[in-house]
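Chemist: If it helps, the file is called query.tsv and holds TSV, C-alpha atoms and all ligand atoms:
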chain	number	residue	atom	x	y	z
A	268	MET	CA	43.26	30.39	-2.34
A	269	LEU	CA	42.62	28.26	0.74
A	270	LYS	CA	45.40	25.96	1.98
A	271	ILE	CA	43.91	22.91	3.72
A	272	MET	CA	46.24	20.54	5.56
A	273	LEU	CA	44.94	16.98	5.73
A	274	PHE	CA	46.09	14.42	8.31
A	275	GLY	CA	45.30	10.77	7.53
A	276	ALA	CA	45.78	11.20	3.78
A	277	THR	CA	46.17	7.44	3.23
A	278	GLY	CA	42.96	6.47	5.06
A	279	GLN	CA	39.46	5.86	3.67
A	280	VAL	CA	38.22	9.39	4.31
A	281	GLY	CA	41.61	10.93	3.54
A	282	GLN	CA	41.76	9.38	0.06
A	283	GLU	CA	38.20	10.49	-0.67
A	284	ILE	CA	39.09	14.03	0.42
A	285	ALA	CA	42.04	14.01	-1.98
A	286	ALA	CA	39.70	12.77	-4.75
A	287	ALA	CA	37.06	15.45	-4.01
A	288	ALA	CA	39.35	18.44	-3.37
A	289	PRO	CA	39.67	19.36	-7.09
A	290	MET	CA	35.90	20.09	-7.04
A	291	PHE	CA	36.74	23.05	-4.77
A	292	PRO	CA	38.66	25.36	-7.10
A	293	SER	CA	39.97	27.59	-4.32
A	294	VAL	CA	41.46	24.70	-2.32
A	295	ILE	CA	45.13	23.77	-2.24
A	296	LEU	CA	45.30	20.46	-0.36
A	297	LEU	CA	48.39	19.66	1.71
A	298	PRO	CA	48.00	15.90	2.37
A	299	GLN	CA	50.09	14.50	5.21
A	300	THR	CA	51.05	10.85	5.49
A	301	ARG	CA	52.52	9.04	8.47
A	302	ALA	CA	55.98	9.49	6.88
A	303	GLN	CA	55.50	13.28	6.87
A	304	ALA	CA	53.99	13.57	10.35
A	305	ASP	CA	53.96	10.51	12.61
A	306	LEU	CA	51.28	11.22	15.19
A	307	SER	CA	52.89	8.80	17.63
A	308	ALA	CA	55.72	11.35	17.95
A	309	PRO	CA	54.70	14.25	20.19
A	310	GLY	CA	54.99	17.57	18.39
A	311	ALA	CA	55.41	16.17	14.86
A	312	ALA	CA	52.00	17.26	13.54
A	313	ALA	CA	52.20	20.63	15.29
A	314	GLU	CA	55.53	21.30	13.61
A	315	VAL	CA	54.19	20.72	10.07
A	316	ILE	CA	51.18	22.94	10.82
A	317	ARG	CA	53.42	25.67	12.17
A	318	ARG	CA	55.68	25.52	9.10
A	319	ALA	CA	52.91	25.48	6.46
A	320	ALA	CA	50.50	27.84	8.29
A	321	PRO	CA	47.42	26.48	6.48
A	322	ASP	CA	44.03	28.24	6.44
A	323	ALA	CA	42.27	25.05	7.56
A	324	VAL	CA	43.16	21.62	8.92
A	325	ILE	CA	41.18	18.38	8.54
A	326	ASN	CA	42.15	15.62	10.98
A	327	ALA	CA	41.08	12.32	9.40
A	328	ALA	CA	43.97	10.41	11.01
A	329	ALA	CA	43.11	7.99	13.79
A	330	TRP	CA	43.85	4.68	15.43
A	331	THR	CA	40.83	2.82	13.97
A	332	LYS	CA	41.69	-0.78	14.96
A	333	VAL	CA	38.82	-1.16	17.41
A	334	ASP	CA	39.70	-4.63	18.73
A	335	GLN	CA	43.46	-4.03	18.87
A	336	ALA	CA	42.88	-0.88	20.95
A	337	GLU	CA	41.79	-3.12	23.85
A	338	SER	CA	45.32	-4.54	24.17
A	339	GLU	CA	47.15	-1.37	23.09
A	340	PRO	CA	45.26	1.43	24.86
A	341	ARG	CA	48.28	3.70	25.23
A	342	ALA	CA	48.91	3.73	21.49
A	343	ALA	CA	45.23	4.35	20.74
A	344	PHE	CA	44.99	7.22	23.24
A	345	ARG	CA	48.24	8.72	21.94
A	346	ILE	CA	46.87	9.04	18.36
A	347	ASN	CA	43.17	9.60	19.06
A	348	ALA	CA	43.45	11.92	22.06
A	349	ASP	CA	46.93	13.44	22.63
A	350	ALA	CA	47.81	13.98	18.97
A	351	ALA	CA	44.30	15.28	18.25
A	352	GLY	CA	44.81	17.88	20.96
A	353	GLU	CA	48.22	18.86	19.59
A	354	ILE	CA	46.76	19.32	16.09
A	355	ALA	CA	43.91	21.40	17.51
A	356	ALA	CA	46.27	23.67	19.47
A	357	ALA	CA	48.61	24.13	16.52
A	358	ALA	CA	45.68	24.90	14.19
A	359	ARG	CA	44.44	27.56	16.58
A	360	ALA	CA	47.92	29.05	16.94
A	361	VAL	CA	48.14	29.71	13.18
A	362	GLY	CA	44.49	30.80	12.94
A	363	ALA	CA	43.43	27.74	10.91
A	364	ARG	CA	39.88	26.41	11.00
A	365	LEU	CA	39.83	22.78	12.22
A	366	VAL	CA	37.56	19.91	11.22
A	367	HIS	CA	38.18	16.90	13.46
A	368	LEU	CA	36.57	13.49	12.91
A	369	SER	CA	35.06	11.42	15.69
A	370	THR	CA	32.82	8.40	16.05
A	371	ASP	CA	29.42	7.01	17.07
A	372	TYR	CA	31.37	4.68	19.41
A	373	VAL	CA	31.48	7.50	21.99
A	374	PHE	CA	27.94	6.35	22.85
A	375	PRO	CA	26.98	3.43	25.12
A	376	GLY	CA	24.34	2.24	22.63
A	377	GLU	CA	21.63	1.57	25.17
A	378	GLY	CA	18.75	3.62	23.72
A	379	ASP	CA	16.43	3.18	20.78
A	380	THR	CA	15.88	6.72	19.54
A	381	PRO	CA	18.29	8.71	17.33
A	382	LEU	CA	21.08	10.43	19.26
A	383	ASP	CA	21.61	14.15	18.81
A	384	GLU	CA	24.75	16.09	19.69
A	385	SER	CA	23.59	16.62	23.29
A	386	ALA	CA	22.97	12.93	24.01
A	387	PRO	CA	25.02	11.57	26.94
A	388	THR	CA	28.20	9.73	25.95
A	389	GLY	CA	29.64	6.64	27.62
A	390	PRO	CA	31.94	4.53	25.47
A	391	VAL	CA	31.94	0.76	25.97
A	392	ASN	CA	35.39	0.13	24.48
A	393	VAL	CA	38.91	1.61	24.51
A	394	TYR	CA	38.64	2.97	20.96
A	395	GLY	CA	35.45	4.88	21.86
A	396	ALA	CA	37.03	6.17	25.08
A	397	SER	CA	40.12	7.36	23.21
A	398	LYS	CA	38.01	9.17	20.60
A	399	LEU	CA	35.85	10.77	23.30
A	400	GLU	CA	38.96	12.01	25.08
A	401	GLY	CA	40.12	13.30	21.68
A	402	GLU	CA	36.96	15.40	21.42
A	403	ASP	CA	37.63	16.82	24.89
A	404	CYS	CA	41.30	17.54	24.08
A	405	VAL	CA	40.28	19.33	20.85
A	406	ARG	CA	37.56	21.42	22.53
A	407	ALA	CA	39.81	22.35	25.46
A	408	VAL	CA	42.39	24.08	23.28
A	409	ASN	CA	40.30	25.03	20.24
A	410	PRO	CA	36.73	26.00	21.10
A	411	ASP	CA	36.10	27.02	17.46
A	412	ALA	CA	36.81	23.54	16.09
A	413	VAL	CA	34.24	21.54	14.15
A	414	ILE	CA	33.98	18.00	15.54
A	415	LEU	CA	32.20	15.67	13.14
A	416	ARG	CA	31.01	12.31	14.50
A	417	THR	CA	30.37	9.65	11.89
A	418	SER	CA	29.93	5.86	11.76
A	419	TRP	CA	30.36	2.54	9.90
A	420	VAL	CA	32.64	4.05	7.23
A	421	TYR	CA	33.10	2.25	3.93
A	422	SER	CA	34.85	2.99	0.63
A	423	ALA	CA	36.84	1.28	-2.10
A	424	TYR	CA	39.97	2.00	-0.04
A	425	GLY	CA	41.48	0.16	2.92
A	426	SER	CA	39.49	-2.47	4.76
A	427	ASN	CA	35.84	-2.14	5.71
A	428	PHE	CA	32.64	-4.17	6.01
A	429	VAL	CA	31.60	-3.83	2.35
A	430	LYS	CA	34.93	-5.13	1.06
A	431	THR	CA	35.00	-7.93	3.66
A	432	MET	CA	31.52	-9.11	2.62
A	433	LEU	CA	32.41	-9.03	-1.08
A	434	HIS	CA	35.61	-10.93	-0.38
A	435	LEU	CA	33.75	-13.62	1.62
A	436	ALA	CA	31.15	-13.91	-1.16
A	437	ARG	CA	33.83	-15.43	-3.36
A	438	THR	CA	34.04	-18.59	-1.26
A	439	ARG	CA	30.94	-18.72	0.96
A	440	ALA	CA	27.32	-19.65	0.24
A	441	GLU	CA	26.12	-18.46	3.65
A	442	ILE	CA	27.45	-16.24	6.38
A	443	ASP	CA	26.49	-15.32	9.97
A	444	VAL	CA	26.06	-11.57	10.51
A	445	VAL	CA	25.11	-9.67	13.66
A	446	SER	CA	21.56	-8.28	13.55
A	447	ASP	CA	21.22	-6.59	16.96
A	448	GLN	CA	23.70	-3.75	16.41
A	449	ILE	CA	21.89	-0.86	14.74
A	450	GLY	CA	23.69	2.09	13.18
A	451	GLY	CA	24.28	3.90	9.92
A	452	PRO	CA	26.59	2.84	7.11
A	453	THR	CA	28.33	5.97	5.81
A	454	PRO	CA	30.21	6.37	2.51
A	455	ALA	CA	33.67	7.88	3.06
A	456	SER	CA	33.03	9.96	-0.07
A	457	ALA	CA	30.10	11.72	1.64
A	458	ILE	CA	32.16	12.36	4.78
A	459	ALA	CA	34.90	13.82	2.57
A	460	MET	CA	32.45	16.25	0.97
A	461	ALA	CA	31.09	17.25	4.38
A	462	CYS	CA	34.64	17.87	5.69
A	463	LEU	CA	35.53	20.01	2.67
A	464	VAL	CA	32.31	22.03	2.85
A	465	MET	CA	32.84	22.68	6.56
A	466	ALA	CA	36.57	23.41	6.22
A	467	THR	CA	36.09	25.88	3.38
A	468	ASN	CA	33.21	27.68	5.09
A	469	THR	CA	35.45	30.10	6.96
A	470	GLY	CA	33.41	31.84	9.61
A	471	GLY	CA	30.77	29.09	9.49
A	472	PRO	CA	29.31	27.65	12.68
A	473	SER	CA	31.48	25.32	14.73
A	474	GLY	CA	31.05	22.76	17.50
A	475	LEU	CA	29.79	19.21	17.49
A	476	TYR	CA	27.98	17.68	14.48
A	477	HIS	CA	26.59	14.23	13.67
A	478	PHE	CA	26.80	12.84	10.14
A	479	GLN	CA	25.72	9.34	9.17
A	480	GLY	CA	24.23	7.51	6.19
A	481	ALA	CA	20.53	6.62	6.14
A	482	PRO	CA	18.43	4.62	6.66
A	483	ALA	CA	19.41	3.04	9.98
A	484	ALA	CA	20.32	-0.62	9.58
A	485	SER	CA	21.81	-3.64	11.30
A	486	TRP	CA	25.03	-5.22	10.02
A	487	ALA	CA	22.86	-8.07	8.70
A	488	ASP	CA	20.63	-5.61	6.78
A	489	PHE	CA	23.77	-4.00	5.39
A	490	ALA	CA	25.23	-7.38	4.35
A	491	LYS	CA	22.01	-8.39	2.58
A	492	ALA	CA	21.93	-5.11	0.66
A	493	ILE	CA	25.59	-5.54	-0.36
A	494	PHE	CA	24.99	-9.07	-1.68
A	495	ALA	CA	21.83	-7.96	-3.50
A	496	ALA	CA	23.63	-5.02	-5.12
A	497	ALA	CA	26.47	-7.32	-6.21
A	498	SER	CA	24.08	-10.11	-7.33
A	499	LYS	CA	25.88	-12.61	-5.04
A	500	PRO	CA	23.72	-15.53	-3.93
A	501	VAL	CA	24.93	-15.52	-0.31
A	502	ARG	CA	22.51	-16.40	2.48
A	503	VAL	CA	22.76	-14.15	5.56
A	504	ASN	CA	22.04	-15.88	8.89
A	505	GLU	CA	21.13	-13.28	11.50
A	506	ILE	CA	22.96	-13.79	14.81
A	507	GLY	CA	23.16	-11.86	18.09
A	508	THR	CA	26.23	-9.94	19.25
A	509	LEU	CA	26.73	-12.51	22.03
A	510	ALA	CA	27.22	-15.22	19.39
A	511	TYR	CA	30.06	-13.25	17.79
A	512	PRO	CA	32.54	-12.52	20.58
A	513	ALA	CA	35.17	-9.87	19.80
A	514	PRO	CA	37.92	-8.41	22.01
A	515	ALA	CA	36.14	-5.00	22.09
A	516	PRO	CA	32.47	-4.80	23.05
A	517	ARG	CA	30.31	-2.81	20.61
A	518	PRO	CA	27.49	-0.36	21.38
A	519	LEU	CA	24.15	-1.82	20.24
A	520	TYR	CA	22.32	1.30	19.08
A	521	THR	CA	24.16	4.26	17.54
A	522	VAL	CA	21.69	5.84	15.15
A	523	LEU	CA	22.65	9.51	14.93
A	524	SER	CA	20.25	12.39	14.50
A	525	CYS	CA	21.79	14.56	11.77
A	526	ASN	CA	19.49	17.60	11.89
A	527	ARG	CA	22.12	20.06	13.05
A	528	ILE	CA	24.44	19.62	10.04
A	529	LEU	CA	21.41	19.94	7.74
A	530	ARG	CA	20.24	23.11	9.46
A	531	ASP	CA	23.67	24.81	9.63
A	532	TYR	CA	25.31	23.57	6.42
A	533	GLY	CA	22.50	22.19	4.24
A	534	ILE	CA	24.24	18.79	4.25
A	535	ASN	CA	21.82	15.86	3.86
A	536	GLN	CA	22.33	12.31	5.06
A	537	PRO	CA	23.50	10.16	2.15
A	538	ASP	CA	21.38	7.11	1.30
A	539	TRP	CA	23.92	4.27	1.55
A	540	ARG	CA	21.67	1.92	-0.48
A	541	ILE	CA	21.90	4.21	-3.51
A	542	ASP	CA	25.63	4.66	-2.93
A	543	ILE	CA	26.45	0.94	-2.84
A	544	ALA	CA	24.19	0.21	-5.82
A	545	ARG	CA	26.10	2.80	-7.82
A	546	LYS	CA	29.62	1.82	-6.74
A	547	ILE	CA	29.35	-1.92	-6.10
A	548	GLY	CA	31.46	-2.84	-9.15
A	549	GLU	CA	34.31	-0.66	-7.96
A	550	PHE	CA	34.11	-2.06	-4.39
A	551	ASP	CA	34.02	-5.64	-5.71
A	552	LYS	CA	37.05	-5.09	-7.94
A	553	LYS	CA	39.06	-3.72	-5.00
A	554	SER	CA	37.98	-6.48	-2.58
A	555	ARG	CA	40.09	-9.21	-4.27
A	601	LIG	P1	41.48	4.68	8.29
A	601	LIG	O1	41.79	3.62	9.27
A	601	LIG	O2	41.09	4.30	6.89
A	601	LIG	O3	42.70	5.69	8.16
A	601	LIG	C1	43.37	6.15	9.29
A	601	LIG	C2	44.41	7.14	8.86
A	601	LIG	O4	45.12	7.56	10.03
A	601	LIG	C3	45.44	6.56	7.89
A	601	LIG	O5	45.82	7.53	6.95
A	601	LIG	C4	46.60	6.25	8.83
A	601	LIG	O6	47.86	6.23	8.21
A	601	LIG	C5	46.49	7.44	9.76
A	601	LIG	N1	47.28	7.18	10.96
A	601	LIG	C6	47.10	6.22	11.89
A	601	LIG	N2	48.11	6.25	12.79
A	601	LIG	C7	48.92	7.27	12.41
A	601	LIG	C8	50.13	7.81	12.93
A	601	LIG	N3	50.74	7.28	14.00
A	601	LIG	N4	50.69	8.87	12.30
A	601	LIG	C9	50.12	9.39	11.19
A	601	LIG	N5	48.98	8.93	10.62
A	601	LIG	C10	48.40	7.87	11.24
A	601	LIG	O7	40.34	5.61	8.94
A	601	LIG	P2	38.99	6.14	8.29
A	601	LIG	O8	39.30	6.98	7.10
A	601	LIG	O9	38.03	5.01	8.19
A	601	LIG	O10	38.46	7.07	9.49
A	601	LIG	C11	38.56	8.50	9.43
A	601	LIG	C12	38.02	9.07	10.73
A	601	LIG	O11	36.67	8.65	10.92
A	601	LIG	C13	38.75	8.69	12.00
A	601	LIG	O12	38.76	9.78	12.89
A	601	LIG	C14	37.91	7.59	12.60
A	601	LIG	O13	38.06	7.50	14.01
A	601	LIG	C15	36.52	8.07	12.21
A	601	LIG	N6	35.55	6.99	12.13
A	601	LIG	C16	35.81	5.87	11.39
A	601	LIG	C17	34.91	4.83	11.35
A	601	LIG	C18	35.17	3.59	10.53
A	601	LIG	O14	34.25	2.75	10.45
A	601	LIG	N7	36.33	3.44	9.90
A	601	LIG	C19	33.64	4.90	12.09
A	601	LIG	C20	33.45	6.15	12.81
A	601	LIG	C21	34.37	7.15	12.81
A	601	LIG	P3	48.52	4.82	7.70
A	601	LIG	O15	47.85	4.53	6.37
A	601	LIG	O16	49.97	5.12	7.59
A	601	LIG	O17	48.20	3.78	8.74
Go ahead and render the structure in this file as structure tokens.
Modeler:
Amino acid sequence: MLKIMLFGATGQVGQEIAAAAPMFPSVILLPQTRAQADLSAPGAAAEVIRRAAPDAVINAAAWTKVDQAESEPRAAFRINADAAGEIAAAARAVGARLVHLSTDYVFPGEGDTPLDESAPTGPVNVYGASKLEGEDCVRAVNPDAVILRTSWVYSAYGSNFVKTMLHLARTRAEIDVVSDQIGGPTPASAIAMACLVMATNTGGPSGLYHFQGAPAASWADFAKAIFAAASKPVRVNEIGTLAYPAPAPRPLYTVLSCNRILRDYGINQPDWRIDIARKIGEFDKKSR
């Protein structure tokens, strides 16, 4: 049997990991909530790892409030960088394989060709900077860790773009959506499967991996596809990022090249259009 400790059990990816874990018969999942290990408390996560001595650890916990991170950088860095490093060190100390999640927001977003794992980073906001420092903290103490960068996560859980759009569709006939940020919507369920495959593949390759849904899209493209899938007659007005000011600046282009994860693990990019078409009823029900 393979004991996998999961941080961030109540998050989008965490809940999908809990849902998918039974498909891996050898896995015993040890899900950790904030009540069991508060990552704002130094040492808390390391202590639960030390006590349980799992075979693998998945860190899906993070400060994900991108705008709020601008005014609370210390809290964001504490969870996304310091705690990530503590988890990585504790995992190594007990000999556990680590899968750590990161983000496309480590990139500046200035290019127009897909970014592979060697592309230069340069975050434009505090959240991205805290996640990039998290990657460095993890690598520094645990060179065998898997670091999986993903993007634009959605699911039936928590809050995300799909649920926001479906909620707005109840009262709005038209909506302004940014069309000059290009990235990849990614189902949390697909990230969960990738994490479990990589965590259970003891002795498998490690290092940095990109994983994102395809095809590349703007938020406006994504919104149109959501309304079409849900048969909601909402008109999408395409606007520029400058017309939608937010506390945290966003990178404009974060399309990730996902060849490495395909080559090493046989994991394909999920097609988010097929995913939302299949699950739209579930998302709509949970967006009320
Ligand atoms: P969520 O925001 O849905 O979940 C975050 C999880 O972290 C929750 O379980 C939350 O617990 C936990 N957490 C936050 N603070 C603490 C704390 N102080 N102590 C313990 N647990 C804490 O995140 P996602 O599932 O969407 O994201 C998973 C990963 O993917 C993260 O690493 C994120 O950076 C990355 N990512 C996410 C993207 C997105 O669009 N959401 C895009 C790109 C990457 P609680 O429920 O108690 O708050």
Chemist: Find the residues of chain A that sit at most 9 Å from ligand LIG 601 (chain A); for each, write down the nearest two atoms and how far apart they are in Å, to one decimal. Count all atoms listed in the file. Sort by chain, then by number going up, and give it as a tab-separated table.
Modeler:
residue	atom	partner	partner_atom	distance
A:Phe274	CA	A:LIG601	N5	6.6
A:Gly275	CA	A:LIG601	O5	3.3
A:Ala276	CA	A:LIG601	O5	4.8
A:Thr277	CA	A:LIG601	O5	3.7
A:Gly278	CA	A:LIG601	O3	3.2
A:Gln279	CA	A:LIG601	O8	3.6
A:Val280	CA	A:LIG601	O8	3.8
A:Gly281	CA	A:LIG601	O8	5.8
A:Gln282	CA	A:LIG601	O8	7.8
A:Glu283	CA	A:LIG601	O8	8.6
A:Gln299	CA	A:LIG601	N5	7.8
A:Thr300	CA	A:LIG601	N5	5.9
A:Arg301	CA	A:LIG601	C9	3.6
A:Ala302	CA	A:LIG601	C9	7.3
A:Gln303	CA	A:LIG601	C9	7.9
A:Ala304	CA	A:LIG601	C9	5.8
A:Asp305	CA	A:LIG601	N4	3.7
A:Leu306	CA	A:LIG601	N4	3.8
A:Ser307	CA	A:LIG601	N3	4.5
A:Ala308	CA	A:LIG601	N3	7.5
A:Ala312	CA	A:LIG601	C9	8.4
A:Asn326	CA	A:LIG601	O12	7.0
A:Ala327	CA	A:LIG601	C11	4.6
A:Ala328	CA	A:LIG601	O4	3.2
A:Ala329	CA	A:LIG601	O4	4.3
A:Trp330	CA	A:LIG601	C6	5.0
A:Thr331	CA	A:LIG601	O1	4.9
A:Lys332	CA	A:LIG601	O1	7.2
A:Ala342	CA	A:LIG601	N3	8.5
A:Ala343	CA	A:LIG601	N2	8.7
A:Arg345	CA	A:LIG601	N3	8.4
A:Ile346	CA	A:LIG601	N3	6.1
A:Asn347	CA	A:LIG601	O13	7.5
A:Ala350	CA	A:LIG601	N3	8.8
A:His367	CA	A:LIG601	O12	7.2
A:Leu368	CA	A:LIG601	O12	4.3
A:Ser369	CA	A:LIG601	O12	4.9
A:Thr370	CA	A:LIG601	C21	3.8
A:Asp371	CA	A:LIG601	C20	5.9
A:Tyr372	CA	A:LIG601	C20	7.1
A:Tyr394	CA	A:LIG601	O13	8.3
A:Gly395	CA	A:LIG601	O13	8.7
A:Lys398	CA	A:LIG601	O13	6.8
A:Leu415	CA	A:LIG601	O11	8.6
A:Arg416	CA	A:LIG601	C21	6.4
A:Thr417	CA	A:LIG601	C20	4.8
A:Ser418	CA	A:LIG601	C20	3.7
A:Trp419	CA	A:LIG601	O14	3.9
A:Val420	CA	A:LIG601	O14	3.8
A:Tyr421	CA	A:LIG601	O14	6.6
A:Ser422	CA	A:LIG601	O9	8.4
A:Tyr424	CA	A:LIG601	O2	7.4
A:Gly425	CA	A:LIG601	O2	5.7
A:Ser426	CA	A:LIG601	O2	7.3
A:Asn427	CA	A:LIG601	O14	7.0
A:Phe428	CA	A:LIG601	O14	8.4
A:Pro452	CA	A:LIG601	O14	8.4
A:Thr453	CA	A:LIG601	O14	8.2
A:Ala455	CA	A:LIG601	O8	7.0
A:Ile458	CA	A:LIG601	O11	8.5
Chemist: With distances taken over all atoms listed in the file, which residue among A:Ile414, A:Val315, A:Leu273, A:Leu296 lies nearest A:Glu384?
Modeler: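 Looking at the shortest contact to A:Glu384, the residue is A:Ile414.
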Chemist: Hey, which bits of stretch 389-480 of chain A sit within 9 Å of stretch 487-506 of chain A, and for each residue what's the closest pair of atoms and how far apart in Å (one decimal), counting only C-alpha atoms, rows by chain and increasing number, as JSON lines?
Modeler:
{"residue": "A:Phe428", "atom": "CA", "partner": "A:Ala490", "partner_atom": "CA", "distance": 8.2}
{"residue": "A:Val429", "atom": "CA", "partner": "A:Ile493", "partner_atom": "CA", "distance": 6.8}
{"residue": "A:Met432", "atom": "CA", "partner": "A:Ala490", "partner_atom": "CA", "distance": 6.7}
{"residue": "A:Leu433", "atom": "CA", "partner": "A:Phe494", "partner_atom": "CA", "distance": 7.4}
{"residue": "A:Ala436", "atom": "CA", "partner": "A:Val501", "partner_atom": "CA", "distance": 6.5}
{"residue": "A:Arg437", "atom": "CA", "partner": "A:Lys499", "partner_atom": "CA", "distance": 8.6}
{"residue": "A:Arg439", "atom": "CA", "partner": "A:Val501", "partner_atom": "CA", "distance": 6.9}
{"residue": "A:Ala440", "atom": "CA", "partner": "A:Val501", "partner_atom": "CA", "distance": 4.8}
{"residue": "A:Glu441", "atom": "CA", "partner": "A:Arg502", "partner_atom": "CA", "distance": 4.3}
{"residue": "A:Ile442", "atom": "CA", "partner": "A:Val503", "partner_atom": "CA", "distance": 5.2}
{"residue": "A:Asp443", "atom": "CA", "partner": "A:Asn504", "partner_atom": "CA", "distance": 4.6}
{"residue": "A:Val444", "atom": "CA", "partner": "A:Ala487", "partner_atom": "CA", "distance": 5.1}
{"residue": "A:Val445", "atom": "CA", "partner": "A:Ile506", "partner_atom": "CA", "distance": 4.8}
{"residue": "A:Ser446", "atom": "CA", "partner": "A:Ala487", "partner_atom": "CA", "distance": 5.0}
{"residue": "A:Asp447", "atom": "CA", "partner": "A:Ile506", "partner_atom": "CA", "distance": 7.7}
{"residue": "A:Gln448", "atom": "CA", "partner": "A:Ala487", "partner_atom": "CA", "distance": 8.9}
{"residue": "A:Pro452", "atom": "CA", "partner": "A:Phe489", "partner_atom": "CA", "distance": 7.6}
Chemist: Store the residues picked out above, limited to C-alpha atoms, as a PDB file, in the frame of the given file.
Modeler:
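Saved file out_18.pdb follows:
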ATOM      1  CA  PHE A 428      32.640  -4.170   6.010  1.00  0.00           C
ATOM      2  CA  VAL A 429      31.600  -3.830   2.350  1.00  0.00           C
ATOM      3  CA  MET A 432      31.520  -9.110   2.620  1.00  0.00           C
ATOM      4  CA  LEU A 433      32.410  -9.030  -1.080  1.00  0.00           C
ATOM      5  CA  ALA A 436      31.150 -13.910  -1.160  1.00  0.00           C
ATOM      6  CA  ARG A 437      33.830 -15.430  -3.360  1.00  0.00           C
ATOM      7  CA  ARG A 439      30.940 -18.720   0.960  1.00  0.00           C
ATOM      8  CA  ALA A 440      27.320 -19.650   0.240  1.00  0.00           C
ATOM      9  CA  GLU A 441      26.120 -18.460   3.650  1.00  0.00           C
ATOM     10  CA  ILE A 442      27.450 -16.240   6.380  1.00  0.00           C
ATOM     11  CA  ASP A 443      26.490 -15.320   9.970  1.00  0.00           C
ATOM     12  CA  VAL A 444      26.060 -11.570  10.510  1.00  0.00           C
ATOM     13  CA  VAL A 445      25.110  -9.670  13.660  1.00  0.00           C
ATOM     14  CA  SER A 446      21.560  -8.280  13.550  1.00  0.00           C
ATOM     15  CA  ASP A 447      21.220  -6.590  16.960  1.00  0.00           C
ATOM     16  CA  GLN A 448      23.700  -3.750  16.410  1.00  0.00           C
ATOM     17  CA  PRO A 452      26.590   2.840   7.110  1.00  0.00           C
TER      18      PRO A 452
END
Chemist: With the cut-off set at 10 Å and counting all atoms listed in the file, tabulate each residue of stretch 386-503 of chain A with an atom at most that distance from an atom of stretch 532-535 of chain A, showing the nearest atom pair and its distance in Å to one decimal, ordered by chain and increasing number, as a tab-separated table.
Modeler:
residue	atom	partner	partner_atom	distance
A:Ala457	CA	A:Asn535	CA	9.5
A:Met460	CA	A:Ile534	CA	9.2
A:Ala461	CA	A:Ile534	CA	7.0
A:Val464	CA	A:Tyr532	CA	8.0
A:Met465	CA	A:Tyr532	CA	7.6
A:Asn468	CA	A:Tyr532	CA	9.0
A:Gly471	CA	A:Tyr532	CA	8.3
A:Pro472	CA	A:Tyr532	CA	8.5
A:Phe478	CA	A:Asn535	CA	8.6
A:Gln479	CA	A:Asn535	CA	9.3
A:Gly480	CA	A:Asn535	CA	9.0
A:Ala481	CA	A:Asn535	CA	9.6
Chemist: Print the selection's residues with C-alpha atoms to a file, as an mmCIF file, in the frame of the given file.
Modeler:
data_model
loop_
_atom_site.group_PDB
_atom_site.id
_atom_site.type_symbol
_atom_site.label_atom_id
_atom_site.label_comp_id
_atom_site.auth_asym_id
_atom_site.auth_seq_id
_atom_site.Cartn_x
_atom_site.Cartn_y
_atom_site.Cartn_z
ATOM 1 C CA ALA A 457 30.100 11.720 1.640
ATOM 2 C CA MET A 460 32.450 16.250 0.970
ATOM 3 C CA ALA A 461 31.090 17.250 4.380
ATOM 4 C CA VAL A 464 32.310 22.030 2.850
ATOM 5 C CA MET A 465 32.840 22.680 6.560
ATOM 6 C CA ASN A 468 33.210 27.680 5.090
ATOM 7 C CA GLY A 471 30.770 29.090 9.490
ATOM 8 C CA PRO A 472 29.310 27.650 12.680
ATOM 9 C CA PHE A 478 26.800 12.840 10.140
ATOM 10 C CA GLN A 479 25.720 9.340 9.170
ATOM 11 C CA GLY A 480 24.230 7.510 6.190
ATOM 12 C CA ALA A 481 20.530 6.620 6.140
#
Chemist: Mind giving me the straight-line distance from atom CA of A:Phe344 to atom CA of A:Leu509 in Å, one decimal?
Modeler: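 Computing the Euclidean distance for atom CA of A:Phe344 and atom CA of A:Leu509 yields 26.9 Å.
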Chemist: Env of A:Gly352: 12 Å cut, atoms = only C-alpha atoms, seq-sep filter 3 positions within chain, self excluded. Answer as JSON, numbers by chain.
Modeler: {"A": [306, 309, 310, 312, 313, 326, 344, 345, 346, 347, 348, 349, 355, 356, 357, 358, 359, 365, 367, 397, 398, 399, 400, 401, 402, 403, 404, 405, 406, 407, 408, 409, 410, 412]}
Chemist: As AutoDock Vina command-line options, what would the box around stretch 517-534 of chain A look like: edges along x, y and z, 6 Å added on every side, centre and edge lengths in Å to one decimal?
Modeler:
--center_x 24.9 --center_y 11.0 --center_z 12.8 --size_x 22.8 --size_y 39.6 --size_z 29.1
Chemist: Find the residues of stretch 422-535 of chain A that sit at most 8 Å from stretch 284-292 of chain A; for each, write down the nearest two atoms and how far apart they are in Å, to one decimal. Count all atoms listed in the file. Sort by chain, then by number going up, and give it as a Markdown table.
Modeler:
| residue | atom | partner | partner_atom | distance |
| --- | --- | --- | --- | --- |
| A:Ser456 | CA | A:Ile284 | CA | 7.3 |
| A:Ala459 | CA | A:Ile284 | CA | 4.7 |
| A:Met460 | CA | A:Ala287 | CA | 6.8 |
| A:Cys462 | CA | A:Ile284 | CA | 7.9 |
| A:Leu463 | CA | A:Ile284 | CA | 7.3 |
Chemist: Would you write out those residues with C-alpha atoms, as a compact mmCIF listing (two decimals), in the coordinates of the input?
Modeler:
# COMPACT_ATOMS: atom_id res chain seq x y z
CA SER A 456 33.03 9.96 -0.07
CA ALA A 459 34.90 13.82 2.57
CA MET A 460 32.45 16.25 0.97
CA CYS A 462 34.64 17.87 5.69
CA LEU A 463 35.53 20.01 2.67
Chemist: Just how far from atom CA of A:Arg364 is atom CA of A:Ala319, in Å to one decimal?
Modeler: 13.8 Å
